[in-house]
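Below: one structure, written as structure tokens.
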Amino acid sequence: MRTVQTLGIAALAFGALAGCNADRLKVPELNNPTPEGVASDPVVALNLAAGGIINRDRADFGGQILTNGIFGREAYNYTPTESRNTTGYLVNPEDPTSFGSGNFAGRWQTLKNIQNFYTIVDAATTLTATQKQAAIGFAKTFEGLTFLYYISSRHNLGGPVEIPEAPTDIKPFVTRDSVYSVALTRLNEGVTALQAGGTTFPFQLTAGFTGFNTPATYARFNRAIAARLLAYRGSLSTGATRTQFYQQALTALAASFIAPGGTLTTGVFQVFSTAAGDVANPINTATSVNVLGHPSTTVDATAGDQRLSKVKTIAQRNAPGTGNGIPTTVGWNRYADQATPIPIIRNEELILLRAEARYFTGDQAGALTDLNDIRTRSGGLPALSAGDIDTETKFLDRLLYERRYSLLLEGHRWIDVRRFGRLNTLPLDLTTHVRALQQVVPLAECQARDRTGEPSLKGTGCP
Amino acid sequence: MRGDRSSANGDREKWFVYPRASASYLFDNPLPRIDNFKLRAAYGRTGNRPRYADRDVTLAASNNIEGRTTLVAAQVVGNPKITPETLNATEFGFDAALFRQRLTLEGTVYNRKITDQLLQPVVANTSGLSNLVVNAGELSNKGYEASIAAIPVQTGDFNWNTRVSYQSNKQEIKGLPTYVPPFAVGGSFGASWGRNYIRAGSRTTAIWGNAPVEVDASGKVVRILPKGAWITQPNVTKSVRDTIIGDANPDYQMFFTNQLSYKRLGLSFLVDWRQGGDVANMTHTLFDEGGQSRDYDAKSPVDSLSQGEYLYAAWRGGTDARMYLEDGSFVKLREVSLTLDIPARYYGRLSGKVTNLRLQLLARNLATWTNYWGLDPEFNNFGNTNLNRFIDLAPYPPAKQFYFGFDVGF
């Protein structure tokens with residue numbers, strides 16, 4: 001009897017509470033931006049979202065440069081209390097839980113941000129069709145660049161080429177060449193959109209895009225990335241296909257901001273800052289004291305090469321024979337402080353890309369001119385003669401040397417030796433060290449794919 | 001009986017009801033020498049609300065760039081259907097007192113089950129997002145606790161009270177939907193030293209970490225290789241797999257409490273015994289890496305290497321986490337206290353004002369008996385967490401503490 005009464009009172013109390021508090025529980029999301037907020041002011045939202053794409057790309061950029069530097073034996077990160085900063089790349093890069101499996105999730109987050117960006121552009125009734133094209137061209141270029149970064153790290157493993165609408169809907173892996181194709185398609189779509197994009201972007205880019213912040217000039221940046229992609233594909237192909245890719249690379253270069261004899265540092269950069277809420281350059285000399293130069297950097301350089309000013313001599317770090325230490329006296333000048341920008345692509349690389357593309361399309365004289373442009377102006381070294389590049393091996397020796405020192409700690413050497421089949425030229429410092437061909441797919445990704453039970457969704461190379 | 005609504009729930013109009021009930025029955029003198037016997041049972045349900053924003057977050061602000069804030073996709077995606085998680089706890093037990101309260105027994109069996117757990121499982125990175133917020137699966141904690149308390153000696157001058165308690169617990173996850181892959185919870189150092197996983201059908205205290213496996217030409221795993229195989233089996237084709245390498249949960253724990261008194265002198269001490277429960281000893285890794293371990297030069301299974309060289313080389317950058325996973329069993333003399341009641345005749349000028357005066361000498365962490373390499377197998381780098389509670393990373397040694405005190409009653 002008592003129980004029934006209690007329940008009755010409780011039911012009344014509930015009713016009374018429900019009656020008076022109904023509206024107080026409609027608490028909006030106050031900590032984060034909402035889709036409703038974005039829809040109410042698409043122009044502001046677009047500006048923030050463009051910043052979001054650049055910012056998300058930047059979040060992984062320094063780490064990727066360092067990772068490529070470690071794999072390419074340009075740099076290494078010796079942290080006395082975290083040995084995996086060294087071993088994860090040099091000892092067990094095949095371990096899908098090692099640090100060497102990094103630079104994965106962030107790239108897909110950039111692509112997700114780009115997907116959201118397209119949605120905002122689509123819904124923005126206050127933008128003109130021209131402005132929308134400019135916005136799409138901006139994002140497509142970053143999409144192509146992001147796929148290029150991704151496939152440069154995962155190489156033969158390939159990867160998915162689309163971002164699912166629902167996060168639980170997993171897309172299959174496709175081959176390396178298919179990822180390259182998709183990356184190129186996005187870059188080409190980007191240029192088409194930029195050409196229809198009028199004279200200004202409906203949002204602001206960073207200072208790193210100075211000189212490339214209108215649809216027309218930004219398109220030259222787009223073509224520079226396309227030239228890099230096509231040269232990569234050329235070097236990974238043979239015969240007529242190779243020549244074809246290098247021909248296309250030359251076309252892309254002609255539409256890029258290449259300036260033979262011009263300022264080598266002209267280009268597009270990711271900028272960093274120590275301002276509150278901003279991001280500092282993660283591999284700068286001033287604060288990243290554990291990022292050291294590989295000892296071979298000074299040993300392998302030609303005497304008098306001015307580009308060695310990018311490194312400096314430091315007191316020896318890591319006694320030989322203990323722990324994971326690679327003894328070195330090489331420190332960095334490349335990125336002096338926390339606000340030093342890191343180049344995405346710049347003129348010096350474009351001239352070297354043209355040397356490469358010219359050589360592999362039969363223009364040896366042109367290749368020599370471009371190589372010497374860099375060698376004399378950047379390296380301060382005597383010019384080469386035609387005899388120095390009269391075989392493919394000799395040319396590659398010269399090209400890879402110039403690329404190594406011109407683009408030191410800009411993320412290139414590992415990719416370069418790999419695409420020309422010269423991975424085994426990288427030194428092994430300890431008996432436990434190995435040369436990574438590519439970064440593996442992280443375990444978390446593999447497990448998410450396994451859980452679907454669908455063999456076609458399995459990640460390539462997953463355990 | 002309690003009902004809740006919350007703005008944090010997906011459905012803000014819905015009431016969630018949490019009943020509680022308990023009952024007991026006492027048998028007075030049911031048998032000769034048994035003073036009383038009590039049976040008890042309890043049931044209760046409680047809820048744990050979703051966090052604010054769990055229901056609707058999709059976008060987030062990110063780092064500034066040149067002083068402007070930026071808009072990115074939120075890495076944890078909100079779920080408009082989110083509900084509270086529910087804890088259902090059932091408990092049965094008995095209390096008995098025998099021989100005029102000289103011996104008391106207690107026993108409890110419990111089953112605590114959390115349903116519709118609030119989880120943030122990871123999604124495939126290639127979706128461009130990190131985590132979902134879902135209600136999924138159930139977490140059950142089953143275990144028992146028992147204790148015996150006795151007064152073996154009770155004379156005019158000398159008394160001895162003793163109490164022994166025992167506990168054991170098993171935790172398991174069930175019923176996770178297929179879109180929830182196994183995921184490691186935050187606050188660990190990854191597969192190099194092992195971590196706990198939320199994984200269907202697995203105990204949450206199981207330690208998953210890297211171990212070398214033998215693979216055939218097609219890359220298929222033939223077997224898990226024994227500890228140290230990176231060094232001891234150089235001719236086997238090996239790969240790395242993430243597998244169960246231990247369990248952080250002790251097999252059981254026992255606590256012994258004793259109080260002795262002789263006239264005005266009292267002595268009490270508390271001894272803890274933990275059997276089992278593995279500890280990932282990162283401290284040992286760091287010492288071996290620097291060649292500084294106290295037993296670095298001891299003999300190892302490989303003639304050409306010292307123990308430190310062998311352990312560190314076989315750990316191989318974290319690809320055999322078992323090398324530094326150690327048994328954390330211990331017996332600890334946790335607390336000893338000695339008291340003396342000062343007789344009233346020594347109160348001197350204070351007599352009449354002071355009703356009692358007692359001196360106390362107390363010591364903590366006096367001694368630990370363990371085979372564990374480090375300073376304290378109970379230390380955890382991430383503090384008092386539910387999971388990943390087995391990581392020893394260069395802790396301060398547990399301080400031996402001594403207190404001298406006096407109680408004065410007026």
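Chain labels run A, B, ... following the order of the structure tokens; each chain numbers its residues from 1, and ligands are numbered from 1 in the order shown.
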Practice problem: Tell me, as JSON, numbers by chain, which residues lie within 6 Å of segment 167-181 of chain A, counting only C-alpha atoms; anything in the same chain fewer than 6 positions away does not count. | Solution: {"A": [156, 158, 159, 160, 457], "B": [127]}
Quiz item: Leaving out Ala211 of chain B and any residue of its chain fewer than 3 positions from it, which residues lie within 12 Å of it when counting only C-alpha atoms, given as a PyMOL selection string?
Solution: (chain A and resi 95+97) or (chain B and resi 191-194+207-208+214+221+223-230+238-246+314-325)
Practice problem: Would you mind writing down, as a PyMOL selection string, each residue of segment 107-310 of chain B that DSSP on the backbone assigns to strand (DSSP E or B)? | Solution: chain B and resi 107-115+118-119+122+131-132+134-135+138-154+158-174+183-184+195-198+206-215+221-224+238-247+252-262+265-275+278-281+299+306
Quiz item: Counting only C-alpha atoms, which of A:Thr361, A:Thr391, A:Asn113, A:Asn290 gets nearest to Asn318 of chain A?
Solution: A:Asn290
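Compared by their closest atoms to chain A, and using only C-alpha atoms, the residues B:Lys400, B:Arg274, B:Arg349, B:Arg2 rank with B:Arg2 nearest.
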Quiz item: Given a cut-off of 8 Å, which residues of chain B touch chain A, counting only C-alpha atoms, written out as a VMD selection string?
Solution: chain B and resid 1 3 6 to 7 12 to 13 53 56 to 73 122 to 129 178 to 183 190 to 192 240 to 241 286 289 to 291 316 to 319
Quiz prompt | Close residues, Leu384 of chain A itself excluded, 12 Å, only C-alpha atoms, min 3 positions apart in chain, as an MDAnalysis selection string | solution = chainID A and resid 365 367:376 381 387:390 394:395 398:399 402
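Closest approach to Leu103 of chain B among B:Asp341, B:Asp251, B:Asp288, B:Asp35: B:Asp35, based on only C-alpha atoms.
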Quiz item: Among segment 124-227 of chain A, which residues carry a DSSP assignment of alpha helix (DSSP H), reported as a VMD selection string?
Solution: chain A and resid 129 to 154 176 to 195 215 to 227
Practice problem: Name all residues at most 6 Å from segment 91-100 of chain B (count only C-alpha atoms; drop same-chain ones fewer than 5 positions away) and give them as a list in words. | Solution: Arg33, Ile34, Asp35, Asn36, Phe37, Lys38, Leu39, Arg40, Ala41, Ala42, Leu105, Glu106, Gly107, Thr108, Val109 and Tyr110 of chain B
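Among the candidates B:Phe269, B:Ala89, B:Val134, B:Val222, the residue lying nearest to Ile114 of chain B is B:Ala89 (atoms considered: only C-alpha atoms).
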Practice problem: Extract, using only C-alpha atoms, all DNA, RNA and protein residues at most 8 Å from Val43 of chain A, discarding same-chain residues fewer than 5 positions from it, and format them as a ChimeraX atom specification. | Solution: /A:124,126-127,202-203
